[in-house]
file data-v6.txt (compact mmCIF, C-alpha atoms and all ligand atoms)
# COMPACT_ATOMS: atom_id res chain seq x y z
CA MET A 104 11.85 -28.45 12.57
CA THR A 105 8.24 -29.44 11.74
CA GLU A 106 6.92 -28.21 15.12
CA SER A 107 7.42 -24.56 14.18
CA TYR A 108 5.77 -24.85 10.75
CA SER A 109 2.60 -22.83 10.20
CA PRO A 110 1.04 -22.48 6.70
CA GLY A 111 1.32 -18.91 5.48
CA LEU A 112 3.62 -18.31 8.50
CA GLU A 113 0.47 -17.57 10.51
CA GLY A 114 1.37 -16.61 14.06
CA ILE A 115 5.11 -17.01 13.40
CA VAL A 116 7.39 -14.29 14.76
CA ALA A 117 9.81 -13.62 11.90
CA GLY A 118 11.83 -10.74 13.32
CA GLU A 119 11.93 -7.70 15.57
CA THR A 120 10.77 -4.20 14.72
CA ALA A 121 10.49 -0.83 16.43
CA VAL A 122 8.60 0.74 13.51
CA SER A 123 5.02 -0.25 14.35
CA THR A 124 2.96 -2.85 16.17
CA VAL A 125 -0.46 -4.45 15.71
CA GLU A 126 -0.45 -5.91 19.24
CA THR A 127 -3.18 -3.62 20.62
CA GLY A 128 -4.62 -1.60 17.78
CA LEU A 129 -2.07 -0.10 15.42
CA THR A 130 0.69 2.25 16.55
CA TYR A 131 3.54 3.82 14.57
CA ARG A 132 6.62 4.43 16.74
CA GLY A 133 4.31 4.42 19.77
CA TYR A 134 1.57 6.75 18.45
CA THR A 135 -1.91 5.38 17.72
CA ILE A 136 -3.14 5.74 14.15
CA GLU A 137 -6.30 7.35 15.54
CA GLU A 138 -4.32 10.16 17.17
CA LEU A 139 -2.12 10.60 14.12
CA GLY A 140 -5.18 10.67 11.84
CA GLU A 141 -6.84 13.26 14.03
CA LYS A 142 -3.95 15.60 14.82
CA SER A 143 -1.09 14.98 12.43
CA ASN A 144 -0.58 14.95 8.67
CA TYR A 145 0.98 12.54 6.18
CA GLU A 146 4.31 14.36 5.82
CA GLU A 147 4.78 14.50 9.59
CA VAL A 148 3.86 10.80 9.87
CA ALA A 149 6.30 9.97 7.05
CA TYR A 150 9.05 11.70 9.02
CA LEU A 151 8.01 9.87 12.20
CA VAL A 152 8.01 6.42 10.60
CA LEU A 153 11.29 7.00 8.78
CA HIS A 154 13.24 8.86 11.46
CA GLY A 155 11.65 7.43 14.65
CA GLU A 156 10.45 10.71 16.17
CA LEU A 157 7.96 13.41 15.26
CA PRO A 158 9.86 16.32 13.71
CA THR A 159 10.56 19.58 15.48
CA ALA A 160 9.45 22.68 13.55
CA ALA A 161 12.95 23.04 12.07
CA GLN A 162 13.14 19.36 11.12
CA ALA A 163 9.68 19.52 9.51
CA ALA A 164 10.72 22.55 7.48
CA SER A 165 13.93 20.94 6.26
CA PHE A 166 12.10 17.66 5.47
CA ARG A 167 9.60 19.67 3.41
CA GLN A 168 12.50 21.37 1.66
CA ARG A 169 14.12 18.02 0.81
CA LEU A 170 10.82 16.65 -0.51
CA THR A 171 10.38 19.76 -2.65
CA GLU A 172 13.91 19.49 -4.07
CA ALA A 173 13.34 15.82 -4.95
CA ALA A 174 9.90 16.40 -6.51
CA HIS A 175 10.86 15.75 -10.13
CA VAL A 176 11.70 12.69 -12.23
CA PRO A 177 14.24 12.37 -15.07
CA PRO A 178 12.76 13.10 -18.54
CA GLU A 179 14.02 9.67 -19.65
CA VAL A 180 11.71 8.08 -17.06
CA ILE A 181 8.76 10.14 -18.33
CA ASP A 182 9.62 9.02 -21.89
CA THR A 183 9.58 5.41 -20.72
CA LEU A 184 6.22 5.92 -19.03
CA ARG A 185 4.96 7.27 -22.35
CA SER A 186 6.22 4.24 -24.25
CA ILE A 187 4.70 1.55 -22.00
CA PRO A 188 1.50 0.17 -23.63
CA LYS A 189 -1.63 1.89 -22.33
CA SER A 190 -3.04 -1.51 -21.48
CA ALA A 191 -0.46 -1.96 -18.68
CA SER A 192 -1.90 -1.47 -15.21
CA THR A 193 -0.58 1.46 -13.18
CA MET A 194 0.73 -1.00 -10.56
CA ASP A 195 2.85 -2.76 -13.18
CA VAL A 196 4.11 0.58 -14.44
CA LEU A 197 4.94 1.66 -10.90
CA ARG A 198 6.89 -1.53 -10.24
CA SER A 199 8.98 -0.84 -13.36
CA ALA A 200 9.35 2.83 -12.43
CA ALA A 201 10.75 2.05 -8.98
CA SER A 202 13.42 -0.07 -10.63
CA LEU A 203 14.02 2.48 -13.39
CA LEU A 204 14.50 5.37 -10.97
CA ALA A 205 17.46 3.50 -9.46
CA HIS A 206 19.51 4.25 -12.62
CA TRP A 207 19.32 7.99 -11.89
CA GLU A 208 19.80 7.62 -8.11
CA PRO A 209 23.29 8.93 -7.27
CA GLU A 210 23.64 6.78 -4.14
CA VAL A 211 21.99 3.65 -5.57
CA ASN A 212 24.43 1.11 -4.18
CA ASP A 213 25.38 2.94 -0.98
CA ASN A 214 23.71 0.84 1.70
CA SER A 215 24.71 3.02 4.67
CA HIS A 216 21.93 4.09 7.04
CA ASP A 217 22.14 7.78 6.07
CA ALA A 218 22.23 7.12 2.31
CA ASN A 219 19.19 4.85 2.60
CA VAL A 220 17.29 7.56 4.50
CA ARG A 221 18.14 10.06 1.75
CA LYS A 222 17.12 7.62 -0.99
CA SER A 223 13.86 6.88 0.82
CA GLU A 224 13.00 10.56 1.06
CA ARG A 225 13.67 11.00 -2.65
CA LEU A 226 11.43 8.05 -3.52
CA ILE A 227 8.66 9.37 -1.25
CA ALA A 228 8.75 12.59 -3.31
CA LYS A 229 9.02 10.91 -6.72
CA MET A 230 6.44 8.11 -6.62
CA PRO A 231 3.34 10.35 -6.59
CA ILE A 232 4.77 12.17 -9.63
CA ILE A 233 5.09 8.87 -11.49
CA VAL A 234 1.49 7.88 -10.70
CA ALA A 235 0.04 11.25 -11.78
CA ALA A 236 2.28 11.50 -14.87
CA ARG A 237 1.44 8.00 -16.10
CA GLN A 238 -2.30 8.66 -15.73
CA ARG A 239 -2.08 11.93 -17.65
CA LEU A 240 0.04 10.41 -20.42
CA LYS A 241 -2.43 7.53 -20.68
CA ASP A 242 -5.22 10.10 -21.07
CA GLY A 243 -3.24 11.94 -23.78
CA GLN A 244 -2.55 14.95 -21.52
CA GLN A 245 0.59 16.92 -20.71
CA VAL A 246 2.49 16.05 -17.53
CA ILE A 247 2.06 18.72 -14.82
CA ALA A 248 5.04 19.73 -12.67
CA ALA A 249 4.82 19.62 -8.88
CA ASP A 250 3.72 22.80 -7.11
CA GLN A 251 6.28 23.65 -4.45
CA GLY A 252 3.72 25.23 -2.15
CA LEU A 253 1.56 22.11 -1.77
CA SER A 254 1.76 19.17 0.61
CA LEU A 255 2.46 15.76 -0.90
CA PRO A 256 -1.20 14.59 -1.05
CA ALA A 257 -2.37 18.00 -2.35
CA ASN A 258 0.38 17.96 -4.92
CA PHE A 259 -0.68 14.54 -6.16
CA LEU A 260 -4.22 15.82 -6.84
CA TRP A 261 -2.80 18.93 -8.50
CA MET A 262 -0.46 16.94 -10.76
CA LEU A 263 -3.28 14.54 -11.65
CA ARG A 264 -5.92 17.15 -12.49
CA GLY A 265 -4.22 20.48 -13.03
CA GLU A 266 -6.60 22.19 -10.61
CA LYS A 267 -6.14 23.06 -6.96
CA PRO A 268 -7.93 20.50 -4.77
CA SER A 269 -10.32 21.50 -1.97
CA GLU A 270 -9.19 21.33 1.65
CA ARG A 271 -11.67 18.51 2.23
CA GLN A 272 -10.25 16.42 -0.62
CA VAL A 273 -6.70 16.95 0.60
CA LYS A 274 -7.59 16.06 4.19
CA ALA A 275 -9.35 12.86 3.08
CA LEU A 276 -6.41 11.74 0.93
CA ASP A 277 -3.96 12.74 3.67
CA VAL A 278 -5.76 10.58 6.26
CA SER A 279 -5.84 7.61 3.88
CA PHE A 280 -2.07 8.01 3.34
CA ILE A 281 -1.51 8.06 7.12
CA LEU A 282 -3.48 4.83 7.50
CA TYR A 283 -1.69 3.17 4.58
CA ALA A 284 1.81 4.34 5.60
CA GLU A 285 2.95 1.34 7.64
CA HIS A 286 1.81 -2.06 8.92
CA GLU A 287 4.43 -4.23 10.64
CA PHE A 288 5.45 -7.54 8.96
CA ASN A 289 2.86 -7.65 6.16
CA ALA A 290 3.71 -9.54 2.96
CA SER A 291 5.17 -6.53 1.11
CA ALA A 292 7.29 -5.20 3.99
CA PHE A 293 8.55 -8.72 4.66
CA SER A 294 9.41 -9.11 0.95
CA ALA A 295 11.42 -5.88 1.10
CA ARG A 296 13.23 -7.08 4.23
CA CYS A 297 14.04 -10.45 2.59
CA VAL A 298 15.50 -8.71 -0.46
CA VAL A 299 17.78 -6.35 1.45
CA SER A 300 18.79 -9.05 3.93
CA THR A 301 21.02 -10.29 1.08
CA LEU A 302 22.65 -6.81 1.22
CA SER A 303 20.89 -5.86 -2.00
CA ASP A 304 19.87 -2.20 -2.43
CA LEU A 305 16.85 -0.17 -1.31
CA HIS A 306 15.35 0.20 -4.80
CA SER A 307 15.43 -3.60 -5.27
CA GLY A 308 13.60 -4.00 -1.96
CA ILE A 309 10.96 -1.42 -2.90
CA THR A 310 10.48 -2.96 -6.36
CA ALA A 311 9.84 -6.36 -4.78
CA ALA A 312 7.48 -4.82 -2.24
CA ILE A 313 5.41 -3.20 -5.01
CA GLY A 314 5.12 -6.61 -6.69
CA ALA A 315 3.92 -8.12 -3.41
CA LEU A 316 1.44 -5.34 -2.70
CA LYS A 317 -0.15 -5.70 -6.12
CA GLY A 318 -1.79 -9.05 -5.27
CA PRO A 319 -5.54 -8.97 -4.50
CA LEU A 320 -5.05 -10.65 -1.13
CA HIS A 321 -2.91 -7.64 -0.08
CA GLY A 322 -2.99 -4.07 -1.45
CA GLY A 323 -4.72 -5.02 -4.70
CA ALA A 324 -7.85 -5.61 -2.63
CA ASN A 325 -8.84 -1.92 -2.66
CA GLU A 326 -9.32 -1.98 -6.44
CA ARG A 327 -11.13 -5.33 -6.30
CA ALA A 328 -13.40 -4.02 -3.49
CA MET A 329 -14.55 -1.16 -5.70
CA GLU A 330 -15.16 -3.51 -8.62
CA VAL A 331 -17.33 -5.61 -6.29
CA LEU A 332 -19.36 -2.58 -5.27
CA GLN A 333 -19.89 -1.69 -8.92
CA GLU A 334 -21.53 -5.06 -9.50
CA VAL A 335 -24.39 -3.96 -7.22
CA SER A 336 -26.52 -1.34 -8.90
CA SER A 337 -28.58 -0.18 -5.87
CA PRO A 338 -29.05 -0.73 -2.12
CA ALA A 339 -32.24 -2.65 -2.92
CA GLU A 340 -30.14 -5.32 -4.66
CA ALA A 341 -27.35 -5.49 -2.11
CA GLU A 342 -28.71 -8.20 0.17
CA ALA A 343 -29.57 -10.64 -2.65
CA TRP A 344 -26.20 -9.94 -4.30
CA ILE A 345 -24.08 -10.62 -1.22
CA ARG A 346 -26.07 -13.70 -0.17
CA LYS A 347 -25.58 -15.17 -3.65
CA ALA A 348 -21.85 -14.29 -3.63
CA LEU A 349 -21.39 -15.98 -0.25
CA ALA A 350 -23.39 -19.03 -1.35
CA GLU A 351 -21.07 -19.27 -4.37
CA LYS A 352 -18.12 -19.14 -1.91
CA ARG A 353 -16.76 -15.96 -3.46
CA ARG A 354 -14.00 -14.18 -1.57
CA ILE A 355 -15.32 -10.71 -0.76
CA MET A 356 -12.46 -8.29 -1.23
CA GLY A 357 -12.00 -5.77 1.57
CA PHE A 358 -13.04 -8.27 4.28
CA GLY A 359 -10.95 -10.38 6.61
CA HIS A 360 -7.42 -10.02 7.87
CA ARG A 361 -4.69 -12.42 8.91
CA VAL A 362 -3.99 -10.58 12.19
CA TYR A 363 -7.10 -8.53 13.05
CA LYS A 364 -9.79 -11.12 13.67
CA ASP A 365 -12.06 -8.69 15.59
CA GLY A 366 -11.70 -5.81 13.16
CA ASP A 367 -9.08 -3.64 11.48
CA PRO A 368 -8.70 -0.38 13.46
CA ARG A 369 -7.88 1.47 10.22
CA ALA A 370 -11.25 0.41 8.75
CA VAL A 371 -13.10 1.59 11.86
CA TYR A 372 -11.33 4.95 11.76
CA LEU A 373 -11.73 5.49 8.03
CA LYS A 374 -15.40 4.54 7.89
CA THR A 375 -16.52 7.76 9.64
CA LEU A 376 -14.53 9.94 7.25
CA THR A 377 -15.70 7.96 4.21
CA THR A 378 -19.35 8.31 5.22
CA ALA A 379 -18.91 12.06 5.71
CA VAL A 380 -17.30 12.46 2.27
CA ALA A 381 -20.11 10.32 0.75
CA LYS A 382 -22.68 12.72 2.19
CA GLU A 383 -20.88 15.76 0.83
CA THR A 384 -20.43 14.27 -2.62
CA GLY A 385 -23.92 12.75 -2.98
CA HIS A 386 -22.98 9.08 -2.66
CA ASP A 387 -25.40 8.04 0.09
CA ASP A 388 -26.70 5.13 -2.02
CA LEU A 389 -23.29 3.52 -2.32
CA GLU A 390 -22.73 3.93 1.42
CA GLN A 391 -26.03 2.18 2.05
CA THR A 392 -25.08 -0.66 -0.31
CA ALA A 393 -21.72 -1.02 1.45
CA GLU A 394 -23.41 -1.04 4.86
CA ILE A 395 -25.80 -3.85 3.85
CA ILE A 396 -22.93 -5.94 2.48
CA GLU A 397 -20.83 -5.26 5.59
CA THR A 398 -23.61 -6.30 7.97
CA ILE A 399 -24.24 -9.57 6.14
CA VAL A 400 -20.56 -10.52 5.79
CA ARG A 401 -20.07 -9.79 9.50
CA THR A 402 -23.11 -11.88 10.49
CA GLU A 403 -22.75 -14.77 8.06
CA LYS A 404 -18.96 -15.10 7.85
CA LYS A 405 -17.86 -13.38 11.08
CA LEU A 406 -15.53 -11.29 8.91
CA PRO A 407 -15.15 -7.58 9.64
CA PRO A 408 -13.95 -5.23 6.88
CA ASN A 409 -10.30 -4.27 6.50
CA VAL A 410 -8.95 -0.82 5.58
CA ASP A 411 -9.46 -1.43 1.85
CA TRP A 412 -13.25 -1.60 2.22
CA PRO A 413 -13.83 2.04 3.23
CA CYS A 414 -10.75 3.27 1.38
CA ALA A 415 -11.99 2.00 -1.99
CA ARG A 416 -15.17 4.04 -1.55
CA LEU A 417 -13.29 7.07 -0.29
CA TYR A 418 -11.13 7.11 -3.43
CA HIS A 419 -14.26 6.67 -5.55
CA TYR A 420 -15.90 9.66 -3.83
CA LEU A 421 -12.73 11.68 -4.51
CA GLY A 422 -13.24 10.91 -8.20
CA LEU A 423 -10.06 8.84 -8.58
CA PRO A 424 -9.84 6.13 -11.29
CA ILE A 425 -9.91 2.59 -9.82
CA ASP A 426 -6.58 1.72 -11.43
CA LEU A 427 -4.91 4.30 -9.14
CA TYR A 428 -6.17 2.92 -5.81
CA THR A 429 -3.36 0.41 -5.22
CA PRO A 430 -0.71 2.78 -6.66
CA LEU A 431 -1.84 5.33 -4.05
CA PHE A 432 -1.31 2.65 -1.42
CA VAL A 433 2.26 2.39 -2.78
CA VAL A 434 2.73 6.16 -2.61
CA ALA A 435 1.86 6.05 1.11
CA ARG A 436 3.51 2.71 1.99
CA ILE A 437 6.95 3.64 0.54
CA VAL A 438 7.43 5.19 3.96
CA GLY A 439 6.89 1.95 5.90
CA TRP A 440 8.86 -0.18 3.44
CA SER A 441 11.79 2.24 3.65
CA ALA A 442 11.76 2.18 7.45
CA HIS A 443 11.76 -1.64 7.41
CA ILE A 444 14.59 -1.81 4.87
CA ILE A 445 16.69 0.58 6.96
CA GLU A 446 15.90 -1.29 10.20
CA GLN A 447 16.77 -4.62 8.56
CA LEU A 448 20.12 -3.32 7.34
CA ASP A 449 20.94 -1.67 10.67
CA ASN A 450 21.00 -5.12 12.31
CA ASN A 451 21.11 -7.51 9.39
CA ARG A 452 21.07 -11.25 9.26
CA LEU A 453 20.25 -13.04 5.98
CA ILE A 454 16.60 -14.20 5.98
CA ARG A 455 16.72 -17.82 4.93
CA PRO A 456 14.07 -20.11 6.43
CA ARG A 457 13.71 -23.85 5.83
CA ALA A 458 10.95 -25.91 4.17
CA ILE A 459 9.50 -29.34 4.88
CA TYR A 460 10.39 -31.49 1.89
CA THR A 461 7.32 -33.15 0.32
CA GLY A 462 8.97 -34.37 -2.90
CA LEU A 463 10.13 -37.82 -3.99
CA ALA A 464 12.75 -39.81 -2.11
CA GLU A 465 16.26 -39.85 -3.59
CA ARG A 466 16.46 -41.84 -6.86
CA LYS A 467 18.89 -42.64 -9.66
CA TRP A 468 19.32 -40.67 -12.88
CA GLN A 469 18.43 -42.69 -16.04
CA PRO A 470 19.93 -42.14 -19.50
CA LEU A 471 17.45 -40.70 -22.08
CA ALA A 472 17.11 -44.02 -23.95
CA ALA A 473 16.10 -45.82 -20.76
CA ARG A 474 13.26 -43.42 -19.86
CA GLY A 475 10.66 -44.91 -22.20
N1 LIG B 501 -14.47 -13.40 1.83
C1 LIG B 501 -14.97 -14.64 1.98
N2 LIG B 501 -14.37 -15.58 2.73
C2 LIG B 501 -13.22 -15.26 3.33
C3 LIG B 501 -12.65 -13.99 3.22
C4 LIG B 501 -13.32 -13.04 2.43
N3 LIG B 501 -12.81 -11.81 2.26
N4 LIG B 501 -11.51 -13.95 3.96
C5 LIG B 501 -11.36 -15.16 4.49
N5 LIG B 501 -12.40 -15.95 4.12
C6 LIG B 501 -12.62 -17.32 4.49
C7 LIG B 501 -11.86 -18.27 3.56
O1 LIG B 501 -12.60 -18.61 2.42
C8 LIG B 501 -11.60 -19.43 4.46
O2 LIG B 501 -12.78 -20.19 4.57
P1 LIG B 501 -12.73 -21.80 4.64
O3 LIG B 501 -11.97 -22.10 5.90
O4 LIG B 501 -14.16 -22.20 4.66
O5 LIG B 501 -11.99 -22.23 3.42
C9 LIG B 501 -11.36 -18.78 5.82
O6 LIG B 501 -12.06 -17.54 5.78
C10 LIG B 501 -9.90 -18.53 6.11
O7 LIG B 501 -9.32 -17.89 4.98
P2 LIG B 501 -7.75 -17.67 4.82
O8 LIG B 501 -7.49 -17.09 3.47
O9 LIG B 501 -6.99 -18.90 5.19
O10 LIG B 501 -7.52 -16.63 6.01
P3 LIG B 501 -6.33 -15.67 6.17
O11 LIG B 501 -6.24 -15.27 7.58
O12 LIG B 501 -5.12 -16.23 5.56
O13 LIG B 501 -6.87 -14.46 5.24
C11 LIG B 501 -6.90 -12.58 3.94
C12 LIG B 501 -6.52 -13.18 5.28
C13 LIG B 501 -6.01 -13.15 2.85
C14 LIG B 501 -6.73 -11.07 4.00
C15 LIG B 501 -8.37 -12.94 3.61
O14 LIG B 501 -9.23 -12.51 4.64
C16 LIG B 501 -8.83 -12.40 2.27
O15 LIG B 501 -8.56 -13.01 1.24
N6 LIG B 501 -9.51 -11.21 2.25
C17 LIG B 501 -9.90 -10.59 1.01
C18 LIG B 501 -8.73 -9.85 0.40
C19 LIG B 501 -8.44 -8.57 1.15
O16 LIG B 501 -9.33 -7.80 1.48
N7 LIG B 501 -7.15 -8.32 1.39
C20 LIG B 501 -6.70 -7.09 2.05
C21 LIG B 501 -6.07 -7.42 3.37
S1 LIG B 501 -5.63 -5.93 4.24
C22 LIG B 501 -4.34 -5.29 3.39
O17 LIG B 501 -3.55 -5.98 2.80
C23 LIG B 501 -4.21 -3.87 3.40

call {"tool": "encode", "arguments": {"input": "data-v6.txt", "output": "structure tokens"}}
result
Amino acid sequence: MTESYSPGLEGIVAGETAVSTVETGLTYRGYTIEELGEKSNYEEVAYLVLHGELPTAAQAASFRQRLTEAAHVPPEVIDTLRSIPKSASTMDVLRSAASLLAHWEPEVNDNSHDANVRKSERLIAKMPIIVAARQRLKDGQQVIAADQGLSLPANFLWMLRGEKPSERQVKALDVSFILYAEHEFNASAFSARCVVSTLSDLHSGITAAIGALKGPLHGGANERAMEVLQEVSSPAEAEAWIRKALAEKRRIMGFGHRVYKDGDPRAVYLKTLTTAVAKETGHDDLEQTAEIIETIVRTEKKLPPNVDWPCARLYHYLGLPIDLYTPLFVVARIVGWSAHIIEQLDNNRLIRPRAIYTGLAERKWQPLAARG
């Protein structure tokens, strides 16, 4: 048993999947993320990841229709969002909301393939509403209903701000959602698969996945990466700042990856778009700061950036509050988690690994009076 042990399960194959692979770059159902980012859009990619094929025109239209019909949340859920203390992070609120939504889900405990696809589609439509509504309630504003004519990323910006977003903003958010949509057996997807391998329900799997994504070593890194950048006030200070941080053995959020040792293809792809948006929005200084930090971390630590490094800046350039960065990752990743949950249940076997025991050898129980 000990021969197959690897701390953090590094390099361990823990299952089979047809959803995506990180073997050579990143592909979803056989399509590279670069081609999807260039030619497709988030809703089409969501359909692809969930259903296995790109939609025909008719399938795309009916998917859009189903998303539109599901784009609302029960008033009781909105009331709960209102009553959660403002100090709670949006990720914590979202984790509760995923669980809460289950109580109004008509097929909550139907674990058939088709019911789980329907539930996934409804969650894909509802989660952006929760994120936007919570932010507005926190800011003392009225909740804005979804606009049926807008795509999911455009709708999020509309519901958050109450103004129609520009095409450029929508495209940038859309591409980030494509890149965040799915990523093989990462910690959150694996958590979701573990949960449903007990034959528990989809909402329980998604709730667990949100909890796993929240951690700063996983999805929480995009918020931490932005906080890091805010510590550096100008490009002139960047080199001294990063050298000091590395000397202090600080973990630089947005760098490194368990699988991609030569670089995360999502980070490479997103960097070009992020730099373009920085130019348009007058953030050249921050791009320069990021570039200096990136060069030094690459040289000194041999660590390339992961997707969270450019994405944190992209969300900043889009004017989004930091507390929404990881929740937006959730909004996009619901798609991948759902596909993994469905795939797990289609060919289920309980996930139950073993551990190497490092505790004390067997010993005898002593009565209280004899314990000293
Ligand atoms: N900054 C500084 N040092 C780092 C970093 C980093 N970002 N990442 C790894 N290292 C160092 C570690 O300190 C360690 O050094 P040591 O051997 O001298 O102690 C060595 O590299 C190995 O670190 P591990 O944590 O064991 O490597 P692992 O492959 O498990 O790490 C991980 C992957 C957790 C992502 C790591 O690179 C990290 O913490 N990065 C920062 C958090 C982050 O950006 N997470 C997002 C990942 S992508 C995503 O989830 C979307």

call {"tool": "atom_distance", "arguments": {"input": "data-v6.txt", "atom1": "atom CA of Ala379 of chain A", "atom2": "atom CA of Pro231 of chain A"}}
result
25.5 Å

call {"tool": "closest_residue", "arguments": {"input": "data-v6.txt", "among": "A:Met356, A:Ile181, A:Val196, A:Ala339", "to": "ligand LIG 501 (chain B)", "atoms": "all atoms listed in the file"}}
result
A:Met356

call {"tool": "residues_around", "arguments": {"input": "data-v6.txt", "residues": "segment 299-315 of chain A", "least_positions_apart": "2", "cutoff": "10 Å", "atoms": "only C-alpha atoms", "output": "number ranges by chain"}}
result
A: 194-195, 197-206, 208, 210-214, 218-220, 222-223, 226, 289-297, 317-323, 429-430, 432-433, 436-437, 440-441, 443-445, 447-448, 450-455

call {"tool": "residues_around", "arguments": {"input": "data-v6.txt", "residues": "segment 131-142 of chain A", "least_positions_apart": "5", "cutoff": "7 Å", "atoms": "all atoms listed in the file", "output": "ChimeraX atom specification"}}
result
/A:121-124,152,155,278,281-282,372

call {"tool": "atom_distance", "arguments": {"input": "data-v6.txt", "atom1": "atom CA of Val438 of chain A", "atom2": "atom CA of His286 of chain A"}}
result
10.4 Å

call {"tool": "residues_around", "arguments": {"input": "data-v6.txt", "residues": "Val362 of chain A", "least_positions_apart": "2", "cutoff": "9 Å", "atoms": "all atoms listed in the file", "output": "PyMOL selection string"}}
result
chain A and resi 113-114+125+359-360+364-365+367

call {"tool": "closest_residue", "arguments": {"input": "data-v6.txt", "among": "A:Leu417, A:Ile187, A:Leu463, A:Val331", "to": "ligand LIG 501 (chain B)", "atoms": "only C-alpha atoms and all ligand atoms"}}
result
A:Val331

call {"tool": "residues_around", "arguments": {"input": "data-v6.txt", "residues": "Leu389 of chain A", "least_positions_apart": "6", "cutoff": "8 Å", "atoms": "all atoms listed in the file", "output": "ChimeraX atom specification"}}
result
/A:332,337-338

call {"tool": "write_last_selection", "arguments": {"input": "data-v6.txt", "atoms": "C-alpha atoms", "output": "PDB file, keeping the file's coordinate frame"}}
result
ATOM      1  CA  LEU A 332     -19.360  -2.580  -5.270  1.00  0.00           C
ATOM      2  CA  SER A 337     -28.580  -0.180  -5.870  1.00  0.00           C
ATOM      3  CA  PRO A 338     -29.050  -0.730  -2.120  1.00  0.00           C
TER       4      PRO A 338
END

call {"tool": "atom_distance", "arguments": {"input": "data-v6.txt", "atom1": "atom C2 of ligand LIG 501 (chain B)", "atom2": "atom CA of Pro408 of chain A"}}
result
10.7 Å

call {"tool": "closest_residue", "arguments": {"input": "data-v6.txt", "among": "A:Ala228, A:Ala173, A:Ala473, A:Leu112", "to": "ligand LIG 501 (chain B)", "atoms": "only C-alpha atoms and all ligand atoms"}}
result
A:Leu112

call {"tool": "closest_residue", "arguments": {"input": "data-v6.txt", "among": "A:Phe280, A:Phe358, A:Tyr145, A:Phe166", "to": "ligand LIG 501 (chain B)", "atoms": "only C-alpha atoms and all ligand atoms"}}
result
A:Phe358

call {"tool": "closest_residue", "arguments": {"input": "data-v6.txt", "among": "A:Ser109, A:Thr461, A:Thr377, A:Gln469", "to": "ligand LIG 501 (chain B)", "atoms": "all atoms listed in the file"}}
result
A:Ser109

call {"tool": "closest_residue", "arguments": {"input": "data-v6.txt", "among": "A:Met329, A:Val335, A:Val273, A:Ala415", "to": "Ser254 of chain A", "atoms": "all atoms listed in the file"}}
result
A:Val273

call {"tool": "residues_around", "arguments": {"input": "data-v6.txt", "residues": "Asp242 of chain A", "least_positions_apart": "6", "cutoff": "12 Å", "atoms": "only C-alpha atoms", "output": "JSON, numbers by chain"}}
result
{"A": [185, 189, 190, 235, 236, 263, 264, 424]}

call {"tool": "residues_near_point", "arguments": {"input": "data-v6.txt", "point": "(2.0, 19.5, -0.7)", "cutoff": "9 Å", "atoms": "all atoms listed in the file", "output": "list in words"}}
result
Glu146, Arg167, Thr171, Ala249, Asp250, Gln251, Gly252, Leu253, Ser254, Leu255, Pro256, Ala257, Asn258 and Phe259 of chain A

call {"tool": "axis_aligned_box", "arguments": {"input": "data-v6.txt", "around": "segment 389-406 of chain A", "padding_each_side": "4 Å", "output": "lines of an AutoDock Vina configuration file"}}
result
center_x = -20.8
center_y = -5.6
center_z = 4.4
size_x = 18.5
size_y = 27.0
size_z = 21.4
